[in-house]
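Structure file target-v2.pdb (PDB, C-alpha atoms and all ligand atoms) is printed below.
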ATOM      1  CA  MET A 496      20.578 -14.532  15.391
ATOM      2  CA  SER A 497      20.505 -10.908  16.465
ATOM      3  CA  ASP A 498      17.618  -9.405  18.381
ATOM      4  CA  ILE A 499      15.016  -7.546  16.341
ATOM      5  CA  ILE A 500      14.213  -5.137  19.192
ATOM      6  CA  GLN A 501      16.826  -3.696  21.532
ATOM      7  CA  VAL A 502      15.713  -1.353  24.273
ATOM      8  CA  ASP A 503      18.568   0.275  26.129
ATOM      9  CA  ARG A 504      18.054   2.303  29.314
ATOM     10  CA  LEU A 505      14.869   3.892  28.059
ATOM     11  CA  SER A 506      13.261   6.701  30.033
ATOM     12  CA  LYS A 507      10.264   8.876  29.287
ATOM     13  CA  ILE A 508       9.414  11.946  31.301
ATOM     14  CA  TYR A 509       6.256  13.923  30.531
ATOM     15  CA  ARG A 510       6.662  17.577  31.320
ATOM     16  CA  SER A 511       3.414  19.422  31.337
ATOM     17  CA  PHE A 512       3.029  23.068  30.551
ATOM     18  CA  LYS A 513       2.940  25.812  33.186
ATOM     19  CA  GLY A 514       5.441  24.136  35.488
ATOM     20  CA  ALA A 515       3.152  21.393  36.791
ATOM     21  CA  LYS A 516       4.994  18.370  38.118
ATOM     22  CA  GLU A 517       6.817  15.953  35.869
ATOM     23  CA  VAL A 518       5.739  12.355  35.392
ATOM     24  CA  LYS A 519       8.427   9.738  34.940
ATOM     25  CA  ALA A 520       6.442   7.192  32.921
ATOM     26  CA  LEU A 521       9.440   5.009  31.924
ATOM     27  CA  ASP A 522      12.433   4.689  34.184
ATOM     28  CA  ASN A 523      15.548   3.082  32.741
ATOM     29  CA  ILE A 524      13.960   0.145  30.914
ATOM     30  CA  SER A 525      16.194  -2.334  29.073
ATOM     31  CA  PHE A 526      15.247  -5.582  27.329
ATOM     32  CA  THR A 527      15.615  -7.320  23.993
ATOM     33  CA  ALA A 528      13.264  -9.322  21.802
ATOM     34  CA  ALA A 529      14.322 -11.970  19.305
ATOM     35  CA  LYS A 530      12.616 -12.326  15.935
ATOM     36  CA  GLY A 531       9.439 -14.358  16.426
ATOM     37  CA  ASP A 532       9.111 -13.483  20.093
ATOM     38  CA  PHE A 533       5.620 -12.987  21.525
ATOM     39  CA  ILE A 534       5.865 -10.774  24.592
ATOM     40  CA  GLY A 535       3.085  -9.714  26.934
ATOM     41  CA  ILE A 536       3.418  -6.484  28.890
ATOM     42  CA  MET A 537       1.422  -6.332  32.108
ATOM     43  CA  GLY A 538       1.275  -3.906  34.994
ATOM     44  CA  PRO A 539      -1.092  -1.661  36.916
ATOM     45  CA  SER A 540      -2.893   1.269  35.346
ATOM     46  CA  GLY A 541      -0.480   4.172  34.939
ATOM     47  CA  SER A 542       2.613   1.947  35.141
ATOM     48  CA  GLY A 543       3.831   3.068  31.691
ATOM     49  CA  LYS A 544       2.655   0.313  29.298
ATOM     50  CA  THR A 545       1.174   2.553  26.612
ATOM     51  CA  SER A 546       4.089   4.967  26.979
ATOM     52  CA  LEU A 547       6.438   2.036  26.316
ATOM     53  CA  LEU A 548       4.601   0.945  23.149
ATOM     54  CA  ASN A 549       4.417   4.541  21.913
ATOM     55  CA  VAL A 550       8.148   5.101  22.331
ATOM     56  CA  LEU A 551       9.074   1.699  20.858
ATOM     57  CA  SER A 552       6.890   2.268  17.792
ATOM     58  CA  GLY A 553       8.099   5.816  17.173
ATOM     59  CA  VAL A 554       4.663   7.317  17.935
ATOM     60  CA  ASP A 555       6.398   9.292  20.715
ATOM     61  CA  THR A 556      10.034  10.129  21.486
ATOM     62  CA  ALA A 557      12.089   8.936  24.449
ATOM     63  CA  THR A 558      13.574  11.370  26.956
ATOM     64  CA  SER A 559      16.723   9.255  27.121
ATOM     65  CA  GLY A 560      17.931   5.828  26.094
ATOM     66  CA  GLU A 561      17.797   4.093  22.748
ATOM     67  CA  VAL A 562      15.410   1.873  20.803
ATOM     68  CA  THR A 563      16.827  -0.190  17.947
ATOM     69  CA  ILE A 564      14.470  -2.088  15.673
ATOM     70  CA  ASP A 565      15.854  -4.342  12.979
ATOM     71  CA  GLY A 566      19.252  -2.690  13.351
ATOM     72  CA  LYS A 567      17.932   0.885  13.068
ATOM     73  CA  SER A 568      18.046   3.347  15.929
ATOM     74  CA  ILE A 569      14.604   4.887  15.540
ATOM     75  CA  ALA A 570      15.510   8.245  17.105
ATOM     76  CA  LYS A 571      18.158   8.712  14.408
ATOM     77  CA  LEU A 572      15.769   8.303  11.473
ATOM     78  CA  THR A 573      14.621  11.430   9.660
ATOM     79  CA  LYS A 574      10.912  12.268   9.886
ATOM     80  CA  ASP A 575      10.264  10.833   6.409
ATOM     81  CA  ASP A 576      12.303   7.697   7.030
ATOM     82  CA  LEU A 577      10.510   7.171  10.336
ATOM     83  CA  ALA A 578       7.113   7.492   8.626
ATOM     84  CA  LEU A 579       8.148   4.954   5.982
ATOM     85  CA  PHE A 580       9.679   2.637   8.563
ATOM     86  CA  ARG A 581       6.529   2.731  10.683
ATOM     87  CA  ARG A 582       4.310   2.068   7.685
ATOM     88  CA  ARG A 583       6.327  -0.901   6.440
ATOM     89  CA  GLN A 584       7.917  -2.467   9.495
ATOM     90  CA  ILE A 585       5.520  -1.756  12.330
ATOM     91  CA  GLY A 586       1.893  -2.738  12.860
ATOM     92  CA  TYR A 587       0.005  -1.048  15.703
ATOM     93  CA  ILE A 588      -3.309  -2.376  16.982
ATOM     94  CA  PHE A 589      -4.953   0.359  19.026
ATOM     95  CA  GLN A 590      -7.322  -0.441  21.846
ATOM     96  CA  ASP A 591      -9.894   1.991  20.502
ATOM     97  CA  PHE A 592      -9.554   0.600  16.934
ATOM     98  CA  ASN A 593      -8.771   3.953  15.234
ATOM     99  CA  LEU A 594     -10.775   3.063  12.117
ATOM    100  CA  LEU A 595     -11.814   5.781   9.688
ATOM    101  CA  ASP A 596     -15.573   6.435   9.542
ATOM    102  CA  SER A 597     -15.669   7.584   5.950
ATOM    103  CA  LEU A 598     -14.035   4.445   4.518
ATOM    104  CA  THR A 599     -15.543   0.976   4.204
ATOM    105  CA  LEU A 600     -13.951  -1.707   6.362
ATOM    106  CA  LYS A 601     -12.219  -3.112   3.292
ATOM    107  CA  GLU A 602     -10.810   0.326   2.448
ATOM    108  CA  ASN A 603      -9.615   0.729   6.044
ATOM    109  CA  ILE A 604      -7.634  -2.510   5.735
ATOM    110  CA  ALA A 605      -6.277  -1.515   2.310
ATOM    111  CA  LEU A 606      -5.151   1.918   3.503
ATOM    112  CA  PRO A 607      -1.545   1.087   4.483
ATOM    113  CA  LEU A 608      -0.997  -0.528   1.062
ATOM    114  CA  ILE A 609      -2.611   2.391  -0.796
ATOM    115  CA  LEU A 610      -0.360   4.833   1.077
ATOM    116  CA  ASP A 611       2.590   2.675   0.085
ATOM    117  CA  HIS A 612       1.604   2.741  -3.639
ATOM    118  CA  VAL A 613       1.194  -1.024  -3.888
ATOM    119  CA  PRO A 614      -0.345  -1.922  -7.295
ATOM    120  CA  ALA A 615      -4.173  -2.112  -7.167
ATOM    121  CA  GLN A 616      -4.492  -5.800  -8.141
ATOM    122  CA  GLN A 617      -2.065  -6.798  -5.441
ATOM    123  CA  ILE A 618      -3.987  -4.729  -2.900
ATOM    124  CA  GLU A 619      -7.239  -6.440  -3.888
ATOM    125  CA  SER A 620      -5.877  -9.955  -3.437
ATOM    126  CA  ARG A 621      -3.943  -9.217  -0.254
ATOM    127  CA  VAL A 622      -6.940  -7.527   1.383
ATOM    128  CA  ASP A 623      -9.242 -10.406   0.379
ATOM    129  CA  ASP A 624      -6.772 -12.937   1.832
ATOM    130  CA  MET A 625      -6.461 -10.969   5.047
ATOM    131  CA  MET A 626     -10.234 -10.589   5.437
ATOM    132  CA  SER A 627     -10.690 -14.354   4.983
ATOM    133  CA  PHE A 628      -7.884 -15.012   7.465
ATOM    134  CA  PHE A 629      -9.778 -12.952  10.041
ATOM    135  CA  GLY A 630     -13.196 -14.358   9.078
ATOM    136  CA  ILE A 631     -14.592 -10.957   8.087
ATOM    137  CA  ALA A 632     -14.849 -11.321   4.285
ATOM    138  CA  ASP A 633     -18.607 -10.645   4.429
ATOM    139  CA  LEU A 634     -18.054  -7.230   6.039
ATOM    140  CA  ALA A 635     -16.057  -5.741   3.142
ATOM    141  CA  GLY A 636     -18.553  -3.056   2.078
ATOM    142  CA  LYS A 637     -19.753  -2.157   5.569
ATOM    143  CA  TYR A 638     -18.718   0.871   7.632
ATOM    144  CA  GLN A 639     -17.460   0.702  11.188
ATOM    145  CA  TYR A 640     -20.732   1.918  12.690
ATOM    146  CA  HIS A 641     -22.445  -1.157  11.174
ATOM    147  CA  VAL A 642     -20.442  -3.771  13.050
ATOM    148  CA  SER A 643     -19.728  -5.046  16.562
ATOM    149  CA  GLY A 644     -16.715  -4.255  18.764
ATOM    150  CA  GLY A 645     -15.251  -7.714  18.120
ATOM    151  CA  GLN A 646     -15.593  -7.256  14.361
ATOM    152  CA  LYS A 647     -13.994  -3.784  14.529
ATOM    153  CA  GLN A 648     -11.126  -5.254  16.512
ATOM    154  CA  ARG A 649     -10.553  -7.865  13.769
ATOM    155  CA  VAL A 650     -10.581  -5.124  11.117
ATOM    156  CA  ALA A 651      -8.076  -3.110  13.187
ATOM    157  CA  ALA A 652      -5.873  -6.195  13.525
ATOM    158  CA  ALA A 653      -6.130  -6.951   9.779
ATOM    159  CA  ARG A 654      -5.125  -3.364   8.954
ATOM    160  CA  ALA A 655      -2.129  -3.525  11.297
ATOM    161  CA  LEU A 656      -0.961  -6.863   9.911
ATOM    162  CA  ILE A 657      -1.523  -6.395   6.172
ATOM    163  CA  PRO A 658       1.870  -4.802   5.395
ATOM    164  CA  GLU A 659       3.358  -7.959   7.008
ATOM    165  CA  PRO A 660       5.270  -5.855   9.524
ATOM    166  CA  ALA A 661       8.326  -7.300  11.218
ATOM    167  CA  VAL A 662       7.015  -6.100  14.561
ATOM    168  CA  VAL A 663       3.442  -5.840  15.824
ATOM    169  CA  PHE A 664       2.510  -3.683  18.811
ATOM    170  CA  ALA A 665      -0.916  -4.293  20.312
ATOM    171  CA  ASP A 666      -2.390  -2.214  23.131
ATOM    172  CA  GLU A 667      -5.125  -4.213  24.867
ATOM    173  CA  PRO A 668      -6.252  -5.947  21.653
ATOM    174  CA  THR A 669      -8.828  -7.938  23.634
ATOM    175  CA  GLY A 670      -9.967  -5.054  25.844
ATOM    176  CA  ASN A 671     -13.775  -4.825  25.989
ATOM    177  CA  LEU A 672     -14.257  -7.985  23.933
ATOM    178  CA  ASP A 673     -16.393 -10.961  24.935
ATOM    179  CA  SER A 674     -14.414 -14.126  25.672
ATOM    180  CA  LYS A 675     -15.126 -15.744  22.261
ATOM    181  CA  SER A 676     -13.911 -12.683  20.316
ATOM    182  CA  ALA A 677     -10.921 -12.391  22.660
ATOM    183  CA  SER A 678      -9.833 -15.969  22.076
ATOM    184  CA  ASP A 679     -10.356 -15.563  18.300
ATOM    185  CA  ILE A 680      -8.063 -12.515  18.247
ATOM    186  CA  MET A 681      -5.462 -14.328  20.345
ATOM    187  CA  ASP A 682      -5.605 -17.389  18.049
ATOM    188  CA  MET A 683      -5.011 -15.119  15.057
ATOM    189  CA  LEU A 684      -2.108 -13.280  16.654
ATOM    190  CA  THR A 685      -0.621 -16.675  17.546
ATOM    191  CA  GLN A 686      -0.973 -17.790  13.921
ATOM    192  CA  MET A 687       0.719 -14.598  12.688
ATOM    193  CA  ASN A 688       3.481 -15.204  15.191
ATOM    194  CA  GLU A 689       3.965 -18.870  14.297
ATOM    195  CA  GLN A 690       3.345 -18.848  10.533
ATOM    196  CA  ARG A 691       4.832 -15.490   9.567
ATOM    197  CA  ALA A 692       7.345 -15.176  12.407
ATOM    198  CA  SER A 693       5.955 -11.736  13.320
ATOM    199  CA  THR A 694       7.426 -10.423  16.553
ATOM    200  CA  ILE A 695       4.586  -9.315  18.822
ATOM    201  CA  LEU A 696       4.521  -7.042  21.875
ATOM    202  CA  MET A 697       1.111  -6.954  23.473
ATOM    203  CA  VAL A 698      -0.089  -4.913  26.424
ATOM    204  CA  THR A 699      -2.852  -6.634  28.340
ATOM    205  CA  HIS A 700      -4.593  -6.599  31.706
ATOM    206  CA  ASP A 701      -6.057  -9.988  30.974
ATOM    207  CA  ALA A 702      -4.289 -13.122  32.228
ATOM    208  CA  PHE A 703      -6.136 -15.226  29.645
ATOM    209  CA  ALA A 704      -4.814 -13.150  26.715
ATOM    210  CA  ALA A 705      -1.352 -13.016  28.320
ATOM    211  CA  SER A 706      -1.233 -16.820  28.564
ATOM    212  CA  TYR A 707      -0.856 -16.994  24.741
ATOM    213  CA  CYS A 708       2.500 -15.173  24.978
ATOM    214  CA  LYS A 709       5.917 -16.791  25.203
ATOM    215  CA  ARG A 710       7.167 -14.311  27.766
ATOM    216  CA  ILE A 711       5.645 -11.692  30.068
ATOM    217  CA  ILE A 712       7.293  -8.480  31.218
ATOM    218  CA  PHE A 713       5.632  -7.008  34.303
ATOM    219  CA  ILE A 714       6.162  -3.303  34.762
ATOM    220  CA  LYS A 715       5.540  -1.159  37.790
ATOM    221  CA  ASP A 716       6.220   2.561  38.198
ATOM    222  CA  GLY A 717       7.925   2.647  34.810
ATOM    223  CA  GLN A 718      10.407  -0.102  35.649
ATOM    224  CA  ILE A 719      10.631  -3.791  34.815
ATOM    225  CA  ASN A 720       9.520  -5.584  37.932
ATOM    226  CA  LEU A 721       9.646  -9.204  36.803
ATOM    227  CA  GLN A 722       9.905 -11.299  33.643
ATOM    228  CA  ILE A 723       8.602 -14.813  33.186
ATOM    229  CA  GLN A 724       8.953 -17.297  30.345
ATOM    230  CA  ARG A 725       6.323 -19.821  29.334
ATOM    231  CA  ALA A 726       7.678 -23.285  29.995
ATOM    232  CA  GLY A 727       4.763 -25.691  29.725
ATOM    233  CA  ASP A 728       1.247 -25.531  28.327
ATOM    234  CA  ARG A 729      -0.973 -22.469  28.204
ATOM    235  CA  LYS A 730      -3.113 -23.468  31.194
ATOM    236  CA  ALA A 731      -0.047 -23.785  33.456
ATOM    237  CA  PHE A 732       1.184 -20.378  32.223
ATOM    238  CA  PHE A 733      -2.264 -18.875  32.847
ATOM    239  CA  ASP A 734      -2.191 -20.147  36.457
ATOM    240  CA  LYS A 735       1.304 -18.758  36.949
ATOM    241  CA  ILE A 736       0.276 -15.328  35.632
ATOM    242  CA  LEU A 737      -2.788 -15.250  37.910
ATOM    243  CA  GLU A 738      -0.608 -16.136  40.881
ATOM    244  CA  ILE A 739       1.857 -13.322  40.103
ATOM    245  CA  LEU A 740      -0.956 -10.805  39.594
ATOM    246  CA  SER A 741      -2.472 -11.706  42.943
ATOM    247  CA  VAL A 742       0.889 -11.362  44.727
ATOM    248  CA  MET A 743       1.398  -7.980  43.013
ATOM    249  CA  ARG A 744      -2.042  -6.792  44.054
ATOM    250  CA  GLY A 745      -1.244  -7.930  47.598
ATOM    251  CA  ASP A 746       2.018  -5.922  47.518
ATOM    252  CA  ALA A 747       0.131  -2.796  46.618
ATOM    253  CA  GLN A 748      -2.143  -2.932  49.642
TER     254      GLN A 748
HETATM  255  N1  LIG A 801       0.739  12.665  27.275
HETATM  256  C1  LIG A 801       0.945  12.589  28.588
HETATM  257  N2  LIG A 801       1.257  13.700  29.323
HETATM  258  C2  LIG A 801       1.501  13.648  30.633
HETATM  259  N3  LIG A 801       1.462  12.496  31.357
HETATM  260  C3  LIG A 801       1.154  11.357  30.704
HETATM  261  C4  LIG A 801       0.871  11.349  29.298
HETATM  262  N4  LIG A 801       0.611  10.060  28.919
HETATM  263  C5  LIG A 801       0.708   9.334  30.037
HETATM  264  N5  LIG A 801       1.041  10.090  31.113
HETATM  265  C6  LIG A 801       1.280   9.616  32.482
HETATM  266  O1  LIG A 801       2.341   8.677  32.438
HETATM  267  C7  LIG A 801       2.083   7.576  33.294
HETATM  268  C8  LIG A 801       2.060   6.293  32.482
HETATM  269  O2  LIG A 801       0.935   6.330  31.604
HETATM  270  P1  LIG A 801       0.609   5.183  30.561
HETATM  271  O3  LIG A 801      -0.509   5.650  29.718
HETATM  272  O4  LIG A 801       1.856   4.767  29.882
HETATM  273  O5  LIG A 801       0.133   4.015  31.564
HETATM  274  P2  LIG A 801      -0.503   2.587  31.245
HETATM  275  O6  LIG A 801       0.318   1.585  31.964
HETATM  276  O7  LIG A 801      -0.691   2.421  29.781
HETATM  277  O8  LIG A 801      -1.916   2.709  31.985
HETATM  278  P3  LIG A 801      -3.344   2.039  31.586
HETATM  279  O9  LIG A 801      -3.259   0.589  32.015
HETATM  280  O10 LIG A 801      -4.319   2.796  32.431
HETATM  281  O11 LIG A 801      -3.574   2.206  30.115
HETATM  282  C9  LIG A 801       0.775   7.902  34.007
HETATM  283  O12 LIG A 801       1.094   8.514  35.233
HETATM  284  C10 LIG A 801       0.108   8.875  33.064
HETATM  285  O13 LIG A 801      -0.752   9.738  33.771
HETATM  286 MG    MG A 802      -2.383   2.251  28.529
END

Kindly present the structure from the file in structure tokens form.
Amino acid sequence: MSDIIQVDRLSKIYRSFKGAKEVKALDNISFTAAKGDFIGIMGPSGSGKTSLLNVLSGVDTATSGEVTIDGKSIAKLTKDDLALFRRRQIGYIFQDFNLLDSLTLKENIALPLILDHVPAQQIESRVDDMMSFFGIADLAGKYQYHVSGGQKQRVAAARALIPEPAVVFADEPTGNLDSKSASDIMDMLTQMNEQRASTILMVTHDAFAASYCKRIIFIKDGQINLQIQRAGDRKAFFDKILEILSVMRGDAQ
């Protein structure tokens, strides 16, 4: 089966105004992901993780190189096609939730379907299913300022996943969560991955969250430094990730 994501020699250079120095955030990155893959992206602060997700998801453009998702080169899509593609094929879970204050939590989750003109009855049942899946059915009429960080994170995940996107990008989905909420989110992402064959790319600093992945890509200075594949159980993978992180921290000193 062909790969759902193909990343070919991707580079991203930020050029600031007024001639200040350039930042090469991504430097010639290539990798592929098969449908149903669950990839963790780890690396030090400033190594280019968010830049990578933003370019892969079409939030930002690459300086050079190509990203192909589900057979489509995203840089070649028109603005309208890109917007449609992102709405239907890509789910993005932002670290800072990005929920809208003026909508109830249920309306926040329904938003991608409303924008896509899905019939109202279908929206109602899909949103109810998704809220039960995430254990937040009782929060439907509340607003984001009424609920905890863990609950907001579940709402943000539900909203990203409701269009049943082929690919899910998650930037620190367990950042700032207590360990119970973090493991709940990871269990749910794992279920999406296993039951709906969603392909997931998740940035994380946290070895515990990363241990749920099938593969980890470590990046450093905008380049792929190392890739590892999960072979045995999650605990063994967790230990392996911790070991690599400690070696990498040692390297930096
Ligand atoms: N919009 C921007 N303009 C200029 N430079 C940027 C911009 N966004 C990121 N950078 C720079 O690009 C590099 C990579 O940033 P990026 O946000 O991708 O790192 P990161 O790995 O996600 O870091 P963190 O773990 O802290 O979130 C950094 O040097 C950063 O300062
Ligand atoms: Mg980041």

Distance filter 10 Å around ligand MG 802 (chain A), atoms: all atoms listed in the file, out as a ChimeraX atom specification: /A:538-549,590,666-667,698-700

From CA of Thr599 in chain A to CA of Tyr638 in chain A the spacing works out at 4.7 Å

- Item | Nearest to Ile564 in chain A, chosen from A:Arg725, A:Lys530, A:Arg582, A:Arg710, with only C-alpha atoms counted in the distances |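 The shortest atom-to-atom distance to Ile564 in chain A comes from A:Lys530.
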
**Message:** Suppose a student applies the PyMOL selection byres (((chain A and resi 719) around 9) and not hetatm) to this structure; what residues should they get, written as a ChimeraX atom specification?
**Reply:** /A:522-526,712-718,720-722

Could you give me the axis-aligned bounding box of ligand LIG 801 (chain A), with 8 Å of padding per side, as centre plus edge lengths in Å to one decimal, as JSON?
{"center_x": -1.0, "center_y": 7.1, "center_z": 31.3, "size_x": 22.7, "size_y": 29.1, "size_z": 24.0}

Here is a test: counting only C-alpha atoms, which residue of A:Ala705, A:Leu737, A:Ile631, A:Val518 is nearest to Met537 in chain A?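 Once distances to Met537 in chain A are computed over only C-alpha atoms, the minimum belongs to A:Ala705.
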
Practice task
Any chance you could resolve the PyMOL selection byres (((chain A and resi 606) around 10) and not hetatm) against this file and give the residues as a list of chain:residue names?
Solution key: A:Leu595, A:Leu598, A:Leu600, A:Lys601, A:Glu602, A:Asn603, A:Ile604, A:Ala605, A:Pro607, A:Leu608, A:Ile609, A:Leu610, A:Asp611, A:His612, A:Ile618, A:Val622, A:Arg654, A:Ala655, A:Ile657, A:Pro658

The PyMOL selection byres (((chain A and resi 641-650) around 10) and not hetatm) - which residues does that actually catch in the file I just gave you? List them as an MDAnalysis selection string. chainID A and resid 588:594 600:601 603:604 625:626 628:631 634:635 637:640 651:656 668:677 679:680 683
